[in-house]
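**Student:** Here it is, the structure in full.
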Amino acid sequence: MKIREIAQLVDGVLVGAPVDEFYEVEKAFASDLMSDVLRFNMDQTVLITGLCNNQTMRTCEMADIRVILMGRDKQPDQDMIDLAVENDIVIIKSRYSIFKLSGILYGAGIQPLY
Amino acid sequence: MHYTFKIERGNFTDAGQASSSVKRTLKQLGVDPVNIKRTVVALFEAEINAVAHAYGGTIDVDIDGEKIVMVVADEGPGIPNIDLAMQEGWSTASPQVREMGYGAGMGLPNIKKNTDDLKIDTKIGVGTTVTMTVYLT
């Protein structure tokens, strides 16, 4: 699924790096625990999270995550957006809960990481 | 090539900058992406551990054609029981550290999983030195 399609499904707003129109999201992982995020292979995976701080961005940088779906109406600050741009990460902001976001993506065919 | 970075106690704003810098260097050197990821995940976990638990420290990274050696040395409380610390899920992280998204008790197990060699020297009330090696061949 393309990044813009996900944004549309969750009534999201795109911030951070420019959208790679060819990037395909195949899987999703929902977590606020960054050490759990670092345990897995995150290729073609969107991170669904409500954790909104610099460490979210650093963790995604290390895990090679290109798309973050930030729920619960969390608002990334300018530092986070700068880190996203620097590391080619797109942030989709949504007012929906993590549970609702997960359900929407699952229903649309995005696979769980495991 | 040798790089040195400083670690500041509790500075979660800048935590990860050393790992980020090493990642950029390894990319520029054309290191295989799998080895880059193993290296930076291990280094990042060690960096976060030191920021979260220690009073300060240093990171030294040596890169040659065969291997990457990373030494994270801190002044801090030390690790009372390394066997427990190596168990997944065991953590002594503070509420502040947990608010940052860490403290799941996966740090040292993640480091072990992503490195070829791991050595931990620790002394209670003095500090901990974690030496991690990733072989490139």
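Convention: chains lettered A, B, ... in structure tokens order; per-chain residue numbering from 1; ligands numbered from 1 as shown.
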Kindly assemble as a tab-separated table a list of the chain A residues that lie within 10 Å of chain B, each paired with its nearest atom pair and their distance in Å to one decimal, using only C-alpha atoms, sorted first by chain and then by ascending residue number.
**Tutor:**
residue	atom	partner	partner_atom	distance
A:Ser31	CA	B:Gly101	CA	9.1
A:Asp32	CA	B:Gly101	CA	5.9
A:Leu33	CA	B:Gly101	CA	4.7
A:Met34	CA	B:Gly101	CA	5.2
A:Ser35	CA	B:Met106	CA	5.8
A:Asp36	CA	B:Met106	CA	7.1
A:Val37	CA	B:Gly101	CA	9.9
A:Leu38	CA	B:Val41	CA	6.7
A:Arg39	CA	B:Asn110	CA	6.4
A:Phe40	CA	B:Asn110	CA	9.8
A:Asn41	CA	B:Lys37	CA	9.6
A:Leu51	CA	B:Gly101	CA	7.0
A:Cys52	CA	B:Met100	CA	8.7
A:Asn53	CA	B:Met100	CA	7.3
A:Asn54	CA	B:Thr13	CA	6.3
A:Gln55	CA	B:Met100	CA	6.7
A:Thr56	CA	B:Gly101	CA	7.8
A:Met57	CA	B:Gly16	CA	9.6
A:Arg58	CA	B:Gly16	CA	6.1
A:Thr59	CA	B:Phe44	CA	8.3
A:Glu61	CA	B:Ser20	CA	7.7
A:Met62	CA	B:Val41	CA	5.9
A:Ala63	CA	B:Lys37	CA	6.9
A:Asp64	CA	B:Lys37	CA	7.9
A:Asp79	CA	B:Thr13	CA	9.3
A:Asn87	CA	B:Ser20	CA	9.5
**Student:** Env of Glu21 (chain A): 12 Å cut, atoms = only C-alpha atoms, seq-sep filter 2 positions within chain, self excluded. Answer as a VMD selection string.
**Tutor:** chain A and resid 1 to 5 17 to 19 23 to 25 90
**Student:** Generate a file of the selected residues that holds all heavy atoms, formatted as a compact mmCIF listing (two decimals), in the first residue's frame.
**Tutor:**
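Everything below was put into selection.txt:
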# COMPACT_ATOMS: atom_id res chain seq x y z
N MET A 1 0.84 -1.19 0.00
CA MET A 1 0.00 0.00 0.00
C MET A 1 0.89 1.25 0.00
O MET A 1 1.88 1.30 0.72
CB MET A 1 -0.91 -0.01 1.24
CG MET A 1 -1.89 1.16 1.26
SD MET A 1 -2.95 1.10 2.72
CE MET A 1 -3.93 -0.34 2.36
N LYS A 2 0.50 2.22 -0.79
CA LYS A 2 1.29 3.46 -0.86
C LYS A 2 1.06 4.33 0.39
O LYS A 2 0.02 4.25 1.04
CB LYS A 2 0.88 4.25 -2.11
CG LYS A 2 1.13 3.50 -3.43
CD LYS A 2 2.60 3.54 -3.78
CE LYS A 2 2.86 3.09 -5.20
NZ LYS A 2 2.79 1.64 -5.38
N ILE A 3 2.06 5.19 0.67
CA ILE A 3 2.01 6.02 1.88
C ILE A 3 0.78 6.94 1.86
O ILE A 3 0.08 7.10 2.87
CB ILE A 3 3.31 6.84 2.01
CG1 ILE A 3 4.50 5.89 2.22
CG2 ILE A 3 3.22 7.86 3.15
CD1 ILE A 3 5.87 6.56 2.11
N ARG A 4 0.50 7.52 0.71
CA ARG A 4 -0.65 8.45 0.63
C ARG A 4 -1.98 7.71 0.84
O ARG A 4 -2.93 8.29 1.38
CB ARG A 4 -0.65 9.18 -0.71
CG ARG A 4 0.41 10.24 -0.80
CD ARG A 4 0.22 11.11 -2.04
NE ARG A 4 1.43 11.85 -2.32
CZ ARG A 4 1.79 12.99 -1.69
NH1 ARG A 4 1.01 13.48 -0.76
NH2 ARG A 4 2.92 13.59 -2.00
N GLU A 5 -2.04 6.46 0.42
CA GLU A 5 -3.27 5.67 0.63
C GLU A 5 -3.51 5.47 2.13
O GLU A 5 -4.64 5.56 2.61
CB GLU A 5 -3.16 4.31 -0.05
CG GLU A 5 -3.21 4.36 -1.57
CD GLU A 5 -3.06 2.95 -2.14
OE1 GLU A 5 -4.04 2.19 -2.08
OE2 GLU A 5 -1.96 2.63 -2.61
N ALA A 17 9.74 13.97 5.91
CA ALA A 17 10.38 13.85 4.60
C ALA A 17 9.34 13.83 3.48
O ALA A 17 8.18 13.47 3.70
CB ALA A 17 11.21 12.57 4.56
N PRO A 18 9.75 14.22 2.28
CA PRO A 18 8.83 14.12 1.14
C PRO A 18 8.40 12.67 0.92
O PRO A 18 9.17 11.75 1.16
CB PRO A 18 9.68 14.61 -0.04
CG PRO A 18 10.83 15.34 0.55
CD PRO A 18 11.06 14.76 1.91
N VAL A 19 7.16 12.48 0.48
CA VAL A 19 6.64 11.13 0.28
C VAL A 19 7.30 10.48 -0.93
O VAL A 19 7.40 11.08 -2.00
CB VAL A 19 5.11 11.18 0.06
CG1 VAL A 19 4.58 9.80 -0.34
CG2 VAL A 19 4.42 11.67 1.32
N TYR A 23 7.16 3.92 -2.70
CA TYR A 23 7.40 3.07 -1.53
C TYR A 23 6.14 2.28 -1.18
O TYR A 23 5.05 2.83 -1.07
CB TYR A 23 7.83 3.92 -0.33
CG TYR A 23 8.29 3.12 0.86
CD1 TYR A 23 9.55 2.54 0.89
CD2 TYR A 23 7.45 2.92 1.96
CE1 TYR A 23 9.98 1.80 1.98
CE2 TYR A 23 7.87 2.16 3.05
CZ TYR A 23 9.13 1.61 3.05
OH TYR A 23 9.54 0.86 4.13
N GLU A 24 6.31 0.97 -1.00
CA GLU A 24 5.20 0.08 -0.68
C GLU A 24 5.27 -0.36 0.78
O GLU A 24 6.26 -0.96 1.20
CB GLU A 24 5.24 -1.17 -1.56
CG GLU A 24 4.75 -0.97 -2.99
CD GLU A 24 3.23 -0.82 -3.09
OE1 GLU A 24 2.52 -1.21 -2.14
OE2 GLU A 24 2.77 -0.31 -4.13
N VAL A 25 4.23 -0.07 1.55
CA VAL A 25 4.13 -0.56 2.92
C VAL A 25 3.41 -1.90 2.87
O VAL A 25 2.32 -2.02 2.32
CB VAL A 25 3.35 0.42 3.82
CG1 VAL A 25 3.14 -0.17 5.21
CG2 VAL A 25 4.08 1.76 3.90
N VAL A 90 8.82 9.55 6.76
CA VAL A 90 7.54 10.25 6.64
C VAL A 90 6.73 9.98 7.90
O VAL A 90 6.63 8.84 8.35
CB VAL A 90 6.75 9.74 5.41
CG1 VAL A 90 5.38 10.41 5.34
CG2 VAL A 90 7.53 9.97 4.13
**Student:** Report as a PyMOL selection string all protein, DNA and RNA residues lying within 8 Å of Gly78 (chain B), evaluated on only C-alpha atoms, omitting residues in the same chain fewer than 5 positions from it.
**Tutor:** chain B and resi 122-128
**Student:** Generate a file of the selected residues that holds N, CA, C and O atoms, formatted as a short mmCIF file (atom, residue, chain, number, x, y, z; two decimals), in the first residue's frame.
**Tutor:**
data_model
loop_
_atom_site.label_atom_id
_atom_site.label_comp_id
_atom_site.auth_asym_id
_atom_site.auth_seq_id
_atom_site.Cartn_x
_atom_site.Cartn_y
_atom_site.Cartn_z
N THR B 122 32.16 -4.93 34.50
CA THR B 122 31.41 -4.02 35.35
C THR B 122 31.91 -4.11 36.80
O THR B 122 32.32 -5.18 37.26
N LYS B 123 31.90 -2.95 37.45
CA LYS B 123 32.31 -2.91 38.86
C LYS B 123 31.29 -2.03 39.60
O LYS B 123 31.06 -0.88 39.20
N ILE B 124 30.70 -2.60 40.63
CA ILE B 124 29.67 -1.88 41.38
C ILE B 124 30.21 -0.56 41.93
O ILE B 124 31.28 -0.52 42.55
N GLY B 125 29.48 0.52 41.66
CA GLY B 125 29.86 1.84 42.16
C GLY B 125 30.95 2.52 41.35
O GLY B 125 31.32 3.66 41.64
N VAL B 126 31.43 1.86 40.32
CA VAL B 126 32.51 2.44 39.49
C VAL B 126 32.03 2.66 38.06
O VAL B 126 32.10 3.78 37.53
N GLY B 127 31.57 1.60 37.44
CA GLY B 127 31.08 1.77 36.07
C GLY B 127 31.10 0.48 35.28
O GLY B 127 31.44 -0.59 35.79
N THR B 128 30.71 0.62 34.01
CA THR B 128 30.59 -0.54 33.12
C THR B 128 31.24 -0.23 31.78
O THR B 128 31.09 0.88 31.25
#
**Student:** Run DSSP on the backbone and give me the residues of region 19-112 of chain B it puts in strand (DSSP E or B), as a short mmCIF file (atom, residue, chain, number, x, y, z; two decimals) with all heavy atoms, in the first residue's frame.
**Tutor:**
data_model
loop_
_atom_site.label_atom_id
_atom_site.label_comp_id
_atom_site.auth_asym_id
_atom_site.auth_seq_id
_atom_site.Cartn_x
_atom_site.Cartn_y
_atom_site.Cartn_z
N GLY B 56 27.75 9.36 33.02
CA GLY B 56 28.48 9.92 31.89
C GLY B 56 29.43 8.88 31.34
O GLY B 56 29.65 7.84 31.99
N GLY B 57 29.99 9.14 30.18
CA GLY B 57 30.92 8.15 29.63
C GLY B 57 31.37 8.50 28.24
O GLY B 57 31.18 9.63 27.76
N THR B 58 31.99 7.53 27.60
CA THR B 58 32.50 7.73 26.24
C THR B 58 32.18 6.54 25.36
O THR B 58 31.98 5.41 25.84
CB THR B 58 34.04 7.91 26.24
OG1 THR B 58 34.61 6.77 26.90
CG2 THR B 58 34.47 9.18 26.93
N ILE B 59 32.13 6.83 24.07
CA ILE B 59 31.97 5.78 23.06
C ILE B 59 33.18 5.85 22.14
O ILE B 59 33.48 6.92 21.61
CB ILE B 59 30.68 5.97 22.24
CG1 ILE B 59 29.45 5.90 23.13
CG2 ILE B 59 30.60 4.96 21.11
CD1 ILE B 59 28.16 6.27 22.41
N ASP B 60 33.86 4.74 21.95
CA ASP B 60 34.97 4.67 21.01
C ASP B 60 34.65 3.65 19.94
O ASP B 60 34.25 2.52 20.26
CB ASP B 60 36.27 4.28 21.72
CG ASP B 60 36.82 5.44 22.53
OD1 ASP B 60 37.45 6.33 21.94
OD2 ASP B 60 36.57 5.46 23.76
N VAL B 61 34.79 4.05 18.69
CA VAL B 61 34.47 3.15 17.58
C VAL B 61 35.69 3.05 16.67
O VAL B 61 36.23 4.07 16.25
CB VAL B 61 33.26 3.66 16.77
CG1 VAL B 61 32.94 2.72 15.61
CG2 VAL B 61 32.03 3.81 17.67
N ASP B 62 36.12 1.82 16.40
CA ASP B 62 37.22 1.57 15.46
C ASP B 62 36.70 0.74 14.29
O ASP B 62 36.07 -0.30 14.50
CB ASP B 62 38.36 0.82 16.15
CG ASP B 62 39.17 1.75 17.04
OD1 ASP B 62 39.96 2.53 16.48
OD2 ASP B 62 38.98 1.73 18.28
N ILE B 63 36.97 1.24 13.10
CA ILE B 63 36.50 0.55 11.90
C ILE B 63 37.70 0.22 11.03
O ILE B 63 38.52 1.09 10.72
CB ILE B 63 35.54 1.46 11.10
CG1 ILE B 63 34.39 1.95 11.97
CG2 ILE B 63 35.00 0.72 9.87
CD1 ILE B 63 33.60 3.11 11.36
N LYS B 67 36.45 -5.54 10.60
CA LYS B 67 35.54 -5.52 11.75
C LYS B 67 35.28 -4.11 12.26
O LYS B 67 36.01 -3.16 11.91
CB LYS B 67 36.12 -6.35 12.91
CG LYS B 67 37.43 -5.82 13.45
CD LYS B 67 38.03 -6.78 14.46
CE LYS B 67 39.33 -6.24 15.03
NZ LYS B 67 40.37 -5.93 14.05
N ILE B 68 34.21 -4.00 13.05
CA ILE B 68 33.89 -2.76 13.75
C ILE B 68 33.91 -3.08 15.24
O ILE B 68 33.21 -4.00 15.70
CB ILE B 68 32.49 -2.24 13.35
CG1 ILE B 68 32.43 -2.02 11.83
CG2 ILE B 68 32.15 -0.95 14.10
CD1 ILE B 68 31.02 -1.90 11.29
N VAL B 69 34.74 -2.37 15.98
CA VAL B 69 34.81 -2.57 17.43
C VAL B 69 34.28 -1.31 18.13
O VAL B 69 34.74 -0.20 17.84
CB VAL B 69 36.26 -2.86 17.90
CG1 VAL B 69 36.29 -3.07 19.41
CG2 VAL B 69 36.81 -4.08 17.18
N MET B 70 33.29 -1.51 18.98
CA MET B 70 32.66 -0.38 19.68
C MET B 70 32.83 -0.59 21.19
O MET B 70 32.47 -1.65 21.71
CB MET B 70 31.17 -0.33 19.34
CG MET B 70 30.89 -0.18 17.85
SD MET B 70 29.18 -0.61 17.43
CE MET B 70 29.27 -2.40 17.33
N VAL B 71 33.36 0.43 21.85
CA VAL B 71 33.55 0.35 23.31
C VAL B 71 32.75 1.48 23.96
O VAL B 71 33.01 2.65 23.71
CB VAL B 71 35.04 0.47 23.69
CG1 VAL B 71 35.20 0.37 25.20
CG2 VAL B 71 35.86 -0.61 22.97
N VAL B 72 31.75 1.09 24.75
CA VAL B 72 30.95 2.08 25.48
C VAL B 72 31.34 1.96 26.95
O VAL B 72 31.06 0.95 27.60
CB VAL B 72 29.44 1.83 25.28
CG1 VAL B 72 28.63 2.85 26.07
CG2 VAL B 72 29.09 1.89 23.79
N ALA B 73 32.05 2.99 27.45
CA ALA B 73 32.57 2.95 28.82
C ALA B 73 31.89 4.03 29.64
O ALA B 73 31.92 5.21 29.25
CB ALA B 73 34.08 3.16 28.80
N ASP B 74 31.29 3.65 30.75
CA ASP B 74 30.60 4.66 31.55
C ASP B 74 31.08 4.66 32.99
O ASP B 74 31.66 3.67 33.48
CB ASP B 74 29.08 4.45 31.50
CG ASP B 74 28.59 3.22 32.25
OD1 ASP B 74 28.94 3.04 33.43
OD2 ASP B 74 27.82 2.44 31.65
N GLU B 75 30.87 5.80 33.63
CA GLU B 75 31.01 5.90 35.08
C GLU B 75 29.60 5.80 35.64
O GLU B 75 28.74 6.60 35.25
CB GLU B 75 31.63 7.24 35.47
CG GLU B 75 33.06 7.40 35.01
CD GLU B 75 33.55 8.83 35.17
OE1 GLU B 75 32.88 9.62 35.88
OE2 GLU B 75 34.58 9.15 34.58
#
**Student:** Interatomic distance between CA of Lys27 (chain A) and CA of Ile48 (chain A)?
**Tutor:**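 These two atoms are separated by 10.6 Å.
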**Student:** Would you pick out the contacts of Tyr114 (chain A) at 12 Å or less, using only C-alpha atoms, so that residues sharing its chain but fewer than 3 positions from it are not included, and give the list as a PyMOL selection string?
**Tutor:** chain A and resi 27-30+40-42+45+110-111
**Student:** Generate a file of the selected residues that holds C-alpha atoms, formatted as a PDB file, in the first residue's frame.
**Tutor:**
ATOM      1  CA  LYS A  27       3.477  -4.743   7.182  1.00  0.00           C
ATOM      2  CA  ALA A  28       2.722  -2.859  10.403  1.00  0.00           C
ATOM      3  CA  PHE A  29       3.980  -3.023  13.968  1.00  0.00           C
ATOM      4  CA  ALA A  30       2.263  -1.148  16.811  1.00  0.00           C
ATOM      5  CA  PHE A  40      12.728  -7.040  14.469  1.00  0.00           C
ATOM      6  CA  ASN A  41      13.379  -6.674  10.754  1.00  0.00           C
ATOM      7  CA  MET A  42      11.322  -3.623   9.828  1.00  0.00           C
ATOM      8  CA  THR A  45       6.943  -1.812   7.743  1.00  0.00           C
ATOM      9  CA  ILE A 110      -1.608  -4.613   5.762  1.00  0.00           C
ATOM     10  CA  GLN A 111      -0.017  -7.664   7.366  1.00  0.00           C
TER      11      GLN A 111
END
**Student:** Just want the 6 Å neighbourhood of region 115-118 of chain B, counted on only C-alpha atoms, with same-chain residues fewer than 3 positions away dropped. Output as a ChimeraX atom specification.
**Tutor:** /B:112,131-134
**Student:** From a DSSP calculation on the backbone, collect every residue of chain B in alpha helix (DSSP H) and output the set as a count of residues only.
**Tutor:** 50
